[in-house]
$ cat structure.cif   # mmCIF, C-alpha atoms
data_work
loop_
_atom_site.label_atom_id
_atom_site.label_comp_id
_atom_site.auth_asym_id
_atom_site.auth_seq_id
_atom_site.Cartn_x
_atom_site.Cartn_y
_atom_site.Cartn_z
CA MET A 1 5.66 -5.52 -11.42
CA LEU A 2 2.08 -6.27 -12.32
CA ASP A 3 -0.85 -5.62 -10.01
CA ILE A 4 -1.62 -8.94 -8.31
CA ASN A 5 -5.28 -7.99 -8.01
CA LEU A 6 -5.48 -7.71 -11.79
CA ILE A 7 -4.10 -11.25 -12.09
CA ARG A 8 -6.52 -12.54 -9.44
CA ASN A 9 -9.57 -10.98 -11.05
CA HIS A 10 -8.67 -11.22 -14.75
CA PRO A 11 -6.03 -13.94 -15.31
CA GLU A 12 -7.15 -14.68 -18.88
CA PHE A 13 -6.92 -10.99 -19.81
CA VAL A 14 -3.39 -10.67 -18.37
CA ALA A 15 -2.23 -13.89 -20.05
CA GLY A 16 -3.66 -12.67 -23.34
CA LYS A 17 -1.88 -9.32 -23.15
CA LEU A 18 1.43 -10.98 -22.25
CA SER A 19 1.08 -13.29 -25.25
CA HIS A 20 1.29 -10.16 -27.43
CA LYS A 21 4.89 -9.94 -26.25
CA GLY A 22 5.47 -13.61 -27.01
CA PHE A 23 5.34 -14.46 -23.30
CA GLU A 24 3.17 -17.46 -22.51
CA VAL A 25 1.97 -18.01 -18.95
CA ASP A 26 -0.55 -20.19 -17.10
CA PHE A 27 -1.73 -18.66 -13.83
CA THR A 28 -3.50 -21.78 -12.51
CA ALA A 29 -0.77 -22.91 -10.10
CA PHE A 30 0.03 -19.35 -9.07
CA LEU A 31 -3.59 -18.55 -8.21
CA GLU A 32 -3.97 -21.77 -6.22
CA GLN A 33 -0.83 -20.94 -4.28
CA ASP A 34 -2.14 -17.41 -3.74
CA ARG A 35 -5.43 -18.84 -2.40
CA GLN A 36 -3.50 -21.06 0.00
CA ARG A 37 -1.37 -18.11 1.11
CA ARG A 38 -4.37 -15.92 1.87
CA GLN A 39 -6.08 -18.79 3.72
CA LEU A 40 -2.91 -19.35 5.75
CA ILE A 41 -2.74 -15.62 6.58
CA LYS A 42 -6.26 -15.79 8.02
CA GLN A 43 -5.52 -18.94 10.00
CA THR A 44 -2.31 -17.48 11.40
CA GLU A 45 -3.95 -14.17 12.29
CA ASP A 46 -6.78 -16.05 14.04
CA LEU A 47 -4.22 -18.02 16.06
CA LYS A 48 -2.39 -14.82 17.00
CA ALA A 49 -5.66 -13.25 18.13
CA GLU A 50 -6.47 -16.32 20.21
CA LYS A 51 -3.00 -16.24 21.74
CA ASN A 52 -3.30 -12.56 22.63
CA LYS A 53 -6.75 -13.11 24.16
CA THR A 54 -5.54 -16.01 26.29
CA SER A 55 -2.38 -14.17 27.33
CA ALA A 56 -4.52 -11.37 28.68
CA LEU A 57 -6.46 -13.85 30.84
CA ILE A 58 -3.45 -15.56 32.44
CA PRO A 59 -2.70 -12.83 35.06
CA LYS A 60 -6.35 -12.95 36.19
CA MET A 61 -6.29 -16.77 36.40
CA LYS A 62 -3.10 -16.67 38.47
CA LYS A 63 -4.65 -14.14 40.81
CA GLU A 64 -7.68 -16.38 41.26
CA GLY A 65 -5.45 -19.38 41.98
CA THR A 66 -6.54 -21.28 38.89
CA ASP A 67 -4.23 -24.00 37.60
CA ILE A 68 -2.87 -22.67 34.30
CA ALA A 69 -0.68 -25.63 33.31
CA SER A 70 -3.09 -26.79 30.60
CA VAL A 71 -3.51 -23.21 29.42
CA LEU A 72 0.26 -22.78 29.08
CA ALA A 73 0.46 -26.08 27.18
CA ASP A 74 -2.22 -24.86 24.79
CA MET A 75 -0.37 -21.56 24.43
CA LYS A 76 2.79 -23.42 23.45
CA LYS A 77 0.87 -25.35 20.80
CA ILE A 78 -0.56 -22.11 19.46
CA SER A 79 2.89 -20.47 19.45
CA ASP A 80 4.34 -23.42 17.55
CA ALA A 81 1.48 -23.27 15.03
CA VAL A 82 1.98 -19.51 14.60
CA ARG A 83 5.72 -19.95 14.04
CA GLU A 84 5.11 -22.72 11.53
CA GLY A 85 2.48 -20.60 9.77
CA ASP A 86 4.83 -17.60 9.57
CA GLU A 87 7.57 -19.80 8.10
CA GLN A 88 5.20 -21.21 5.48
CA LEU A 89 3.96 -17.71 4.68
CA ALA A 90 7.51 -16.42 4.21
CA LEU A 91 8.22 -19.25 1.79
CA LEU A 92 4.97 -18.73 -0.14
CA GLU A 93 5.53 -14.97 -0.35
CA GLN A 94 9.06 -15.50 -1.64
CA LYS A 95 7.75 -17.82 -4.37
CA GLN A 96 4.94 -15.40 -5.20
CA ASN A 97 7.25 -12.39 -5.44
CA SER A 98 9.74 -14.32 -7.58
CA PHE A 99 6.96 -15.28 -9.96
CA LEU A 100 5.60 -11.73 -10.17
CA ALA A 101 9.11 -10.33 -10.69
CA SER A 102 9.57 -12.63 -13.69
CA LEU A 103 6.51 -11.28 -15.53
CA PRO A 104 7.03 -8.57 -18.17
CA ASN A 105 4.90 -5.45 -18.35
CA LEU A 106 1.58 -5.51 -20.17
CA PRO A 107 1.67 -3.73 -23.54
CA ALA A 108 -0.58 -0.71 -23.94
CA ASP A 109 -3.86 -1.25 -25.79
CA ASP A 110 -2.68 0.59 -28.91
CA VAL A 111 0.58 -1.36 -29.21
CA PRO A 112 0.51 -3.96 -31.99
CA ALA A 113 1.14 -7.58 -31.04
CA GLY A 114 4.12 -9.56 -32.29
CA GLY A 115 7.79 -8.88 -32.92
CA LYS A 116 9.78 -6.27 -34.80
CA GLU A 117 8.19 -7.32 -38.09
CA ASN A 118 5.07 -5.53 -36.80
CA ASN A 119 6.81 -2.27 -35.89
CA GLN A 120 5.05 0.75 -37.39
CA VAL A 121 6.93 3.61 -39.06
CA ILE A 122 5.15 6.75 -37.89
CA LYS A 123 7.27 9.43 -39.54
CA ILE A 124 10.23 9.87 -41.87
CA SER A 125 12.09 13.17 -41.56
CA GLY A 126 13.98 14.65 -44.48
CA GLU A 127 15.52 13.01 -47.51
CA LYS A 128 18.14 10.32 -47.45
CA PRO A 129 21.48 11.96 -48.22
CA SER A 130 22.73 11.33 -51.74
CA PHE A 131 26.32 11.67 -52.83
CA SER A 132 27.98 12.42 -56.16
CA PHE A 133 30.91 10.30 -55.00
CA SER A 134 31.33 6.93 -53.33
CA PRO A 135 30.62 7.60 -49.64
CA ARG A 136 32.96 6.17 -47.03
CA HIS A 137 32.26 4.20 -43.85
CA HIS A 138 32.45 6.23 -40.63
CA VAL A 139 35.32 4.08 -39.31
CA ASP A 140 37.44 5.03 -42.31
CA LEU A 141 36.41 8.68 -42.04
CA VAL A 142 37.12 9.08 -38.31
CA GLU A 143 40.46 7.35 -38.60
CA ALA A 144 41.50 9.45 -41.60
CA THR A 145 40.52 12.69 -39.80
CA GLY A 146 41.98 11.60 -36.44
CA LEU A 147 38.66 11.80 -34.61
CA ILE A 148 38.74 8.30 -33.10
CA ASP A 149 41.57 5.96 -32.12
CA TYR A 150 40.18 2.43 -32.19
CA ALA A 151 43.52 0.64 -31.94
CA ARG A 152 44.57 2.32 -28.70
CA GLY A 153 41.03 2.06 -27.34
CA ALA A 154 41.25 -1.71 -27.81
CA LYS A 155 44.73 -1.69 -26.25
CA LEU A 156 43.35 0.01 -23.13
CA GLY A 157 39.99 -1.72 -22.76
CA GLY A 158 39.75 -4.49 -25.33
CA SER A 159 37.40 -4.93 -28.27
CA GLY A 160 34.39 -2.63 -28.17
CA PHE A 161 36.21 0.41 -26.73
CA TRP A 162 37.59 3.52 -28.44
CA ILE A 163 39.23 6.85 -27.67
CA TYR A 164 37.93 10.21 -28.85
CA THR A 165 40.90 12.31 -29.95
CA GLY A 166 41.38 15.95 -30.93
CA ASP A 167 38.40 17.29 -32.84
CA GLY A 168 36.64 13.99 -32.17
CA ALA A 169 36.69 14.62 -28.42
CA ARG A 170 35.55 18.20 -29.02
CA LEU A 171 32.72 17.07 -31.33
CA GLU A 172 31.55 14.50 -28.78
CA TRP A 173 31.55 17.15 -26.04
CA ALA A 174 29.78 19.61 -28.36
CA LEU A 175 26.98 17.09 -28.82
CA LEU A 176 26.61 16.64 -25.07
CA ASN A 177 26.65 20.40 -24.47
CA PHE A 178 24.01 20.91 -27.15
CA PHE A 179 21.73 18.27 -25.62
CA ILE A 180 22.20 19.63 -22.10
CA ALA A 181 21.40 23.19 -23.18
CA GLU A 182 18.21 22.05 -24.90
CA HIS A 183 16.97 20.12 -21.86
CA LEU A 184 17.75 22.92 -19.43
CA GLN A 185 15.85 25.30 -21.68
CA ASP A 186 12.84 22.97 -21.50
CA GLY A 187 12.82 22.99 -17.70
CA TYR A 188 14.37 19.60 -16.96
CA GLN A 189 16.57 19.32 -13.87
CA MET A 190 20.12 18.12 -14.49
CA LEU A 191 21.60 15.34 -12.35
CA LEU A 192 24.96 13.56 -12.27
CA PRO A 193 24.21 10.21 -10.60
CA PRO A 194 26.70 7.59 -9.38
CA HIS A 195 27.84 5.05 -11.94
CA ILE A 196 27.96 2.20 -9.40
CA LEU A 197 24.50 1.16 -8.21
CA ASN A 198 23.16 -1.34 -5.71
CA TYR A 199 21.09 -4.39 -6.60
CA SER A 200 17.79 -2.73 -5.65
CA CYS A 201 18.29 -0.22 -8.48
CA GLY A 202 18.37 -2.99 -11.08
CA TYR A 203 15.34 -4.67 -9.52
CA THR A 204 13.25 -1.48 -9.46
CA ALA A 205 14.14 -0.70 -13.08
CA GLY A 206 12.90 -4.16 -14.09
CA GLN A 207 16.29 -5.32 -15.33
CA PHE A 208 16.85 -7.78 -12.47
CA PRO A 209 16.69 -10.64 -11.89
CA LYS A 210 16.10 -11.68 -15.52
CA PHE A 211 18.81 -9.54 -17.11
CA GLU A 212 21.49 -9.72 -14.43
CA GLU A 213 24.01 -11.14 -16.87
CA ASP A 214 23.72 -8.13 -19.18
CA VAL A 215 25.51 -5.78 -16.75
CA PHE A 216 29.06 -5.53 -15.44
CA GLN A 217 28.72 -6.99 -11.95
CA LEU A 218 30.94 -6.00 -9.04
CA LYS A 219 31.73 -8.89 -6.68
CA ARG A 220 33.88 -9.43 -3.65
CA ASP A 221 36.36 -12.25 -4.09
CA ASP A 222 34.67 -14.34 -1.41
CA LYS A 223 31.12 -13.81 -2.66
CA GLU A 224 29.28 -15.71 -5.37
CA SER A 225 26.47 -13.14 -5.70
CA PHE A 226 26.85 -9.44 -6.46
CA THR A 227 25.44 -6.48 -4.57
CA HIS A 228 26.54 -3.70 -6.95
CA PHE A 229 26.93 -3.18 -10.69
CA ILE A 230 28.00 -0.52 -13.20
CA LEU A 231 24.97 1.23 -14.64
CA PRO A 232 23.96 0.24 -18.20
CA THR A 233 21.99 3.50 -18.58
CA ALA A 234 21.20 6.51 -16.41
CA GLU A 235 17.55 5.40 -16.46
CA THR A 236 18.51 2.72 -13.91
CA ALA A 237 19.61 5.48 -11.53
CA LEU A 238 16.87 8.00 -12.29
CA VAL A 239 13.99 5.54 -11.73
CA ASN A 240 15.34 4.92 -8.23
CA LEU A 241 15.54 8.56 -7.12
CA HIS A 242 12.16 8.34 -5.36
CA ARG A 243 12.19 4.66 -4.45
CA ASP A 244 10.17 4.03 -1.26
CA GLU A 245 8.90 7.62 -1.26
CA ILE A 246 5.51 9.32 -1.50
CA ILE A 247 6.00 12.25 -3.87
CA ASP A 248 4.19 15.51 -3.17
CA THR A 249 1.53 15.57 -5.90
CA ASP A 250 2.01 19.30 -6.45
CA ARG A 251 5.57 18.54 -7.60
CA LEU A 252 4.42 16.26 -10.42
CA PRO A 253 5.45 15.89 -13.12
CA LEU A 254 9.08 15.58 -12.06
CA LYS A 255 11.39 16.06 -15.06
CA TYR A 256 15.04 15.03 -14.87
CA PHE A 257 17.93 14.42 -17.20
CA ALA A 258 21.35 12.96 -16.51
CA PHE A 259 24.64 12.57 -18.33
CA THR A 260 26.54 9.33 -17.81
CA PRO A 261 28.62 6.91 -19.77
CA CYS A 262 26.70 3.67 -20.28
CA TYR A 263 28.39 0.33 -19.69
CA ARG A 264 27.07 -2.71 -21.58
CA LYS A 265 28.38 -6.25 -21.83
CA GLU A 266 26.68 -6.54 -25.23
CA ALA A 267 26.85 -10.34 -25.25
CA GLY A 268 27.13 -12.06 -28.59
CA SER A 269 29.09 -11.37 -31.75
CA TYR A 270 28.81 -8.14 -33.66
CA ARG A 271 27.67 -8.11 -37.24
CA ALA A 272 30.34 -6.97 -39.67
CA GLU A 273 28.42 -3.79 -40.54
CA GLU A 274 28.21 -2.85 -36.84
CA ARG A 275 31.94 -2.28 -36.53
CA GLY A 276 33.14 0.98 -35.06
CA MET A 277 30.89 2.91 -32.68
CA ILE A 278 27.54 1.34 -33.57
CA ARG A 279 27.84 -1.20 -30.77
CA GLY A 280 30.31 -0.95 -27.89
CA HIS A 281 30.85 -1.60 -24.22
CA GLN A 282 30.96 2.09 -23.21
CA PHE A 283 29.24 5.09 -24.75
CA ASN A 284 27.92 8.48 -23.65
CA LYS A 285 24.26 9.32 -23.29
CA ILE A 286 21.95 11.98 -21.96
CA GLU A 287 18.90 10.31 -20.41
CA LEU A 288 15.52 12.00 -19.94
CA PHE A 289 13.14 10.84 -17.23
CA GLN A 290 9.69 11.79 -15.92
CA TYR A 291 7.53 10.82 -12.95
CA THR A 292 3.87 11.58 -13.61
CA GLU A 293 0.33 10.92 -12.49
CA PRO A 294 -1.37 8.22 -14.61
CA ASP A 295 -3.68 10.71 -16.34
CA HIS A 296 -0.69 12.68 -17.63
CA SER A 297 1.41 9.69 -18.68
CA GLU A 298 0.46 9.64 -22.36
CA ALA A 299 1.15 13.37 -22.78
CA ALA A 300 4.50 12.94 -21.06
CA LEU A 301 5.49 10.19 -23.52
CA GLU A 302 4.54 12.39 -26.46
CA GLU A 303 6.69 15.17 -25.00
CA LEU A 304 9.69 12.88 -24.67
CA VAL A 305 9.30 11.58 -28.22
CA HIS A 306 9.07 15.14 -29.54
CA LYS A 307 12.15 16.26 -27.59
CA ALA A 308 14.32 13.38 -28.82
CA ALA A 309 13.17 13.74 -32.42
CA ASN A 310 13.65 17.51 -32.29
CA LEU A 311 17.31 17.08 -31.36
CA VAL A 312 17.93 14.88 -34.40
CA GLU A 313 16.10 17.35 -36.63
CA LYS A 314 18.17 20.28 -35.32
CA LEU A 315 21.29 18.31 -36.17
CA GLY A 316 19.98 18.09 -39.73
CA LEU A 317 20.01 14.30 -39.82
CA HIS A 318 17.68 12.06 -41.78
CA TYR A 319 15.78 9.72 -39.46
CA ARG A 320 12.54 7.85 -38.94
CA LEU A 321 10.22 7.45 -35.97
CA SER A 322 8.87 3.96 -35.30
CA LYS A 323 6.29 2.62 -32.86
CA LEU A 324 7.47 -0.74 -31.61
CA ALA A 325 5.35 -3.86 -31.53
CA ALA A 326 4.84 -5.48 -28.13
CA GLY A 327 7.48 -8.15 -28.62
CA ASP A 328 10.13 -5.59 -29.61
CA CYS A 329 9.55 -3.41 -26.54
CA SER A 330 11.72 -3.95 -23.49
CA ALA A 331 10.22 -6.46 -21.09
CA PHE A 332 9.45 -3.76 -18.55
CA MET A 333 7.94 -1.18 -20.94
CA ARG A 334 4.30 -0.92 -22.02
CA LYS A 335 4.91 1.33 -25.03
CA THR A 336 8.03 2.44 -26.91
CA TYR A 337 8.86 4.74 -29.81
CA ASP A 338 12.29 4.49 -31.45
CA ILE A 339 14.02 7.42 -33.13
CA GLU A 340 16.25 5.78 -35.74
CA VAL A 341 18.93 7.68 -37.60
CA TRP A 342 20.10 6.78 -41.11
CA ILE A 343 23.60 5.29 -41.41
CA PRO A 344 24.51 5.38 -45.14
CA SER A 345 27.28 2.74 -44.97
CA MET A 346 24.85 0.26 -43.39
CA ASN A 347 21.98 1.23 -45.70
CA ASP A 348 19.84 1.05 -42.60
CA TYR A 349 18.39 3.00 -39.68
CA LYS A 350 19.86 2.65 -36.19
CA GLU A 351 18.11 3.56 -32.94
CA VAL A 352 19.50 6.63 -31.17
CA SER A 353 16.63 7.07 -28.71
CA SER A 354 13.94 4.87 -27.25
CA ALA A 355 11.14 6.86 -25.65
CA SER A 356 9.18 4.56 -23.39
CA SER A 357 6.42 4.41 -20.81
CA ALA A 358 6.57 1.81 -18.04
CA GLY A 359 3.18 2.79 -16.62
CA ASP A 360 3.20 1.84 -12.93
CA TYR A 361 5.31 -1.30 -13.48
CA GLN A 362 8.58 0.16 -12.16
CA ALA A 363 6.79 2.18 -9.47
CA ARG A 364 5.30 -1.00 -8.02
CA ARG A 365 8.72 -2.64 -7.89
CA GLY A 366 10.24 0.43 -6.22
CA ASN A 367 7.22 1.46 -4.11
CA ILE A 368 7.16 4.90 -5.76
CA ARG A 369 3.90 6.67 -4.95
CA TYR A 370 2.10 10.00 -4.88
CA ARG A 371 -0.96 10.99 -2.88
CA ASP A 372 -4.11 11.03 -4.98
CA LYS A 373 -5.86 14.39 -4.56
CA VAL A 374 -9.34 12.87 -4.90
CA THR A 375 -9.03 9.86 -2.59
CA GLY A 376 -6.23 11.19 -0.38
CA LYS A 377 -4.64 7.75 -0.61
CA PRO A 378 -1.17 6.86 -1.94
CA ALA A 379 -1.17 5.62 -5.54
CA PHE A 380 1.60 4.38 -7.79
CA ALA A 381 3.21 6.94 -10.09
CA HIS A 382 3.98 6.38 -13.76
CA THR A 383 7.59 6.44 -14.97
CA LEU A 384 8.83 7.34 -18.45
CA ASN A 385 12.23 7.70 -20.06
CA ALA A 386 13.95 8.57 -23.33
CA SER A 387 17.48 8.97 -24.59
CA GLY A 388 18.18 12.55 -25.37
CA LEU A 389 20.47 11.37 -27.00
CA ALA A 390 23.00 8.53 -27.17
CA THR A 391 26.05 9.84 -29.01
CA SER A 392 27.66 6.61 -30.23
CA ARG A 393 25.27 6.40 -33.18
CA ILE A 394 24.64 10.12 -33.64
CA PHE A 395 28.40 10.62 -34.09
CA PRO A 396 28.69 8.10 -36.98
CA ALA A 397 25.50 9.48 -38.54
CA ILE A 398 26.95 13.00 -38.53
CA VAL A 399 30.26 11.81 -39.93
CA GLU A 400 28.62 9.83 -42.73
CA GLN A 401 25.73 12.16 -43.61
CA TYR A 402 27.97 15.28 -43.55
CA GLN A 403 31.00 13.78 -45.32
CA GLN A 404 32.50 15.56 -48.31
CA GLU A 405 34.21 14.15 -51.37
CA ASP A 406 37.68 15.12 -50.15
CA GLY A 407 37.14 13.20 -46.88
CA SER A 408 36.39 16.28 -44.78
CA ILE A 409 33.31 16.47 -42.57
CA LEU A 410 30.99 19.44 -42.18
CA ILE A 411 29.96 20.27 -38.61
CA PRO A 412 26.19 20.70 -38.08
CA GLU A 413 25.35 24.36 -37.58
CA VAL A 414 23.89 23.88 -34.09
CA LEU A 415 27.18 22.37 -32.90
CA GLN A 416 29.47 25.05 -34.31
CA PRO A 417 29.14 27.39 -31.28
CA TRP A 418 30.31 24.50 -29.07
CA MET A 419 33.25 23.98 -31.45
CA GLY A 420 34.52 27.54 -31.20
CA GLY A 421 32.90 28.47 -34.52
CA GLN A 422 34.65 25.70 -36.42
CA ARG A 423 32.63 24.69 -39.49
CA ILE A 424 34.58 21.78 -40.97
CA ILE A 425 36.87 18.97 -39.92
CA ASN A 426 39.54 18.49 -42.56
CA ALA A 427 40.99 15.18 -43.64
#

$ encode --input "structure.cif" --output "structure tokens"
Amino acid sequence: MLDINLIRNHPEFVAGKLSHKGFEVDFTAFLEQDRQRRQLIKQTEDLKAEKNKTSALIPKMKKEGTDIASVLADMKKISDAVREGDEQLALLEQKQNSFLASLPNLPADDVPAGGKENNQVIKISGEKPSFSFSPRHHVDLVEATGLIDYARGAKLGGSGFWIYTGDGARLEWALLNFFIAEHLQDGYQMLLPPHILNYSCGYTAGQFPKFEEDVFQLKRDDKESFTHFILPTAETALVNLHRDEIIDTDRLPLKYFAFTPCYRKEAGSYRAEERGMIRGHQFNKIELFQYTEPDHSEAALEELVHKAANLVEKLGLHYRLSKLAAGDCSAFMRKTYDIEVWIPSMNDYKEVSSASSAGDYQARRGNIRYRDKVTGKPAFAHTLNASGLATSRIFPAIVEQYQQEDGSILIPEVLQPWMGGQRIINA
């Protein structure tokens, strides 16, 4: 959520920054409503003060034998006015909060305006793999080697689900073990959060109310609205760990990672080249998360980008690092870098990690604060996250980039210890 004082004092600046994301807004009506709300607060508080002052005089007036009938009548009028003022304030505050909740985050100053056409490639790592034979699509490879069972996955869950089988299950678990070991070595604390979250988690993350339809909602039969949902990413859980808390400043930065499956509705039709594991309703991911002081936020983002990219490099995969333009960032992020791995069959790069900074946007929504050492006052923390990594695109990249002419697949060296020393998956 944006700072309302920033909107009050610099509405043109805020509107201009939001336009970089393709979000057009006119604050005229909002600011007028805000002025009315603040004026009503003063009027109501003045009435309450008058009521309290008069209430204190009534016992003395009774003791002196003064007729208080007119005073009581005035008190009733004041009470009615206070009640009416409180009701109007509640309505105005609800409208104000709904409006603020609908606004995306402001992009950072160094983020280019516009959509994905303005994304900037920062780095390309390694050479694109070349083959002396006609390379195969990962769907064909994993089915031929028995790594994935798409048909039975669809039988159990429907389109967009699959089953890891045999060496495929072991390779998936090897990836997760490799990622976990790397993050533990770097001093991140491991968590296993619940997969079912309450509505407040989605709101704090910035996903609700705008993106409510993107998640699997859990409803009671007799309820139209939902109170819980299945998490789309562990970030939604991790950003809520310290909701409504004041974090001890000496503990910052807080560094967490979590393993969860991710559950996505993924509305819309898939492109033909995205068949297989590129886009699905359930996939595994290790999520990295940091809570920091504002001054350390930029360094924390650089750390997360480096960690995610380093994992891809250790796997020996060709990839590129891109800085996203404002319109291609998530609505609730101020800056994002994508680590995109090369998928030969698609002749394209696919994102395997988004490393992002939300600034204080999520912290404001979740009332996540720390105590400033200079002022001694609570201040909003900064939140940052990155995938470290999502396996559903790393797996196809490994299969396709490490494929051999006979249909076998070499296992990246860093994963071999987690595969019992196995070096190759035979067709």

$ residues_around --input "structure.cif" --residues "Gly158 in chain A" --least-positions-apart "5" --cutoff "12 Å" --atoms "all atoms listed in the file" --output "JSON, numbers by chain"
{"A": [150, 151, 152, 153, 163, 280, 281, 282]}

$ closest_residue --input "structure.cif" --among "A:Ile78, A:Ala390, A:Ala29, A:Leu156" --to "Phe259 in chain A" --atoms "only C-alpha atoms"
A:Ala390

$ closest_residue --input "structure.cif" --among "A:Pro11, A:Val239, A:Pro232, A:Ile286" --to "Tyr263 in chain A" --atoms "all atoms listed in the file"
A:Pro232

$ resolve_selection --input "structure.cif" --expression "the PyMOL selection byres ((chain A and resi 214) around 9)" --output "list in words"
Gln207, Phe211, Glu212, Glu213, Val215, Phe216, Gln217, Pro232, Arg264, Lys265, Glu266 and Ala267 of chain A

$ resolve_selection --input "structure.cif" --expression "the PyMOL selection byres ((chain A and resi 315) around 12)" --output "number ranges by chain"
A: 125-126, 174-175, 178-179, 308-314, 316-319, 341, 389, 394-395, 397-399, 401-402, 410-416

$ residues_around --input "structure.cif" --residues "Glu12 in chain A" --least-positions-apart "3" --cutoff "12 Å" --atoms "all atoms listed in the file" --output "list in words"
Leu6, Ile7, Arg8, Asn9, Ala15, Gly16, Lys17, Leu18, Ser19, Glu24, Val25, Asp26, Phe27, Thr28 and Leu31 of chain A

$ write_last_selection --input "structure.cif" --atoms "C-alpha atoms" --output "PDB file, in the coordinates of the input"
ATOM      1  CA  LEU A   6      -5.480  -7.710 -11.790  1.00  0.00           C
ATOM      2  CA  ILE A   7      -4.100 -11.250 -12.090  1.00  0.00           C
ATOM      3  CA  ARG A   8      -6.520 -12.540  -9.440  1.00  0.00           C
ATOM      4  CA  ASN A   9      -9.570 -10.980 -11.050  1.00  0.00           C
ATOM      5  CA  ALA A  15      -2.230 -13.890 -20.050  1.00  0.00           C
ATOM      6  CA  GLY A  16      -3.660 -12.670 -23.340  1.00  0.00           C
ATOM      7  CA  LYS A  17      -1.880  -9.320 -23.150  1.00  0.00           C
ATOM      8  CA  LEU A  18       1.430 -10.980 -22.250  1.00  0.00           C
ATOM      9  CA  SER A  19       1.080 -13.290 -25.250  1.00  0.00           C
ATOM     10  CA  GLU A  24       3.170 -17.460 -22.510  1.00  0.00           C
ATOM     11  CA  VAL A  25       1.970 -18.010 -18.950  1.00  0.00           C
ATOM     12  CA  ASP A  26      -0.550 -20.190 -17.100  1.00  0.00           C
ATOM     13  CA  PHE A  27      -1.730 -18.660 -13.830  1.00  0.00           C
ATOM     14  CA  THR A  28      -3.500 -21.780 -12.510  1.00  0.00           C
ATOM     15  CA  LEU A  31      -3.590 -18.550  -8.210  1.00  0.00           C
TER      16      LEU A  31
END

$ closest_residue --input "structure.cif" --among "A:Leu197, A:Leu106, A:Ala427, A:Ala363" --to "Asp167 in chain A" --atoms "all atoms listed in the file"
A:Ala427

$ decode --input "structure.cif" --residues "range 370-381 of chain A" --atoms "N, CA and C atoms" --output "PDB file, in the first residue's frame"
ATOM      1  N   TYR A 370       9.812  -2.048  12.205  1.00  0.00           N
ATOM      2  CA  TYR A 370      10.986  -2.184  13.068  1.00  0.00           C
ATOM      3  C   TYR A 370      11.141  -0.843  13.777  1.00  0.00           C
ATOM      4  N   ARG A 371      11.942  -0.809  14.821  1.00  0.00           N
ATOM      5  CA  ARG A 371      12.124   0.439  15.556  1.00  0.00           C
ATOM      6  C   ARG A 371      13.401   1.137  15.090  1.00  0.00           C
ATOM      7  N   ASP A 372      13.232   2.303  14.504  1.00  0.00           N
ATOM      8  CA  ASP A 372      14.356   3.061  13.978  1.00  0.00           C
ATOM      9  C   ASP A 372      15.308   3.441  15.108  1.00  0.00           C
ATOM     10  N   LYS A 373      16.592   3.126  14.935  1.00  0.00           N
ATOM     11  CA  LYS A 373      17.567   3.368  16.004  1.00  0.00           C
ATOM     12  C   LYS A 373      17.839   4.859  16.222  1.00  0.00           C
ATOM     13  N   VAL A 374      17.634   5.668  15.199  1.00  0.00           N
ATOM     14  CA  VAL A 374      17.891   7.104  15.323  1.00  0.00           C
ATOM     15  C   VAL A 374      16.725   7.804  15.998  1.00  0.00           C
ATOM     16  N   THR A 375      15.516   7.577  15.485  1.00  0.00           N
ATOM     17  CA  THR A 375      14.338   8.267  16.011  1.00  0.00           C
ATOM     18  C   THR A 375      13.694   7.542  17.182  1.00  0.00           C
ATOM     19  N   GLY A 376      13.954   6.229  17.281  1.00  0.00           N
ATOM     20  CA  GLY A 376      13.303   5.435  18.326  1.00  0.00           C
ATOM     21  C   GLY A 376      11.854   5.123  18.010  1.00  0.00           C
ATOM     22  N   LYS A 377      11.386   5.537  16.823  1.00  0.00           N
ATOM     23  CA  LYS A 377       9.997   5.323  16.447  1.00  0.00           C
ATOM     24  C   LYS A 377       9.867   4.129  15.508  1.00  0.00           C
ATOM     25  N   PRO A 378       8.711   3.470  15.517  1.00  0.00           N
ATOM     26  CA  PRO A 378       8.489   2.369  14.564  1.00  0.00           C
ATOM     27  C   PRO A 378       8.476   2.885  13.135  1.00  0.00           C
ATOM     28  N   ALA A 379       9.063   2.125  12.230  1.00  0.00           N
ATOM     29  CA  ALA A 379       9.079   2.464  10.806  1.00  0.00           C
ATOM     30  C   ALA A 379       8.807   1.189  10.018  1.00  0.00           C
ATOM     31  N   PHE A 380       8.297   1.349   8.811  1.00  0.00           N
ATOM     32  CA  PHE A 380       7.962   0.177   8.003  1.00  0.00           C
ATOM     33  C   PHE A 380       9.221  -0.461   7.435  1.00  0.00           C
ATOM     34  N   ALA A 381       9.266  -1.797   7.521  1.00  0.00           N
ATOM     35  CA  ALA A 381      10.390  -2.552   6.964  1.00  0.00           C
ATOM     36  C   ALA A 381      10.245  -2.660   5.451  1.00  0.00           C
TER      37      ALA A 381
END
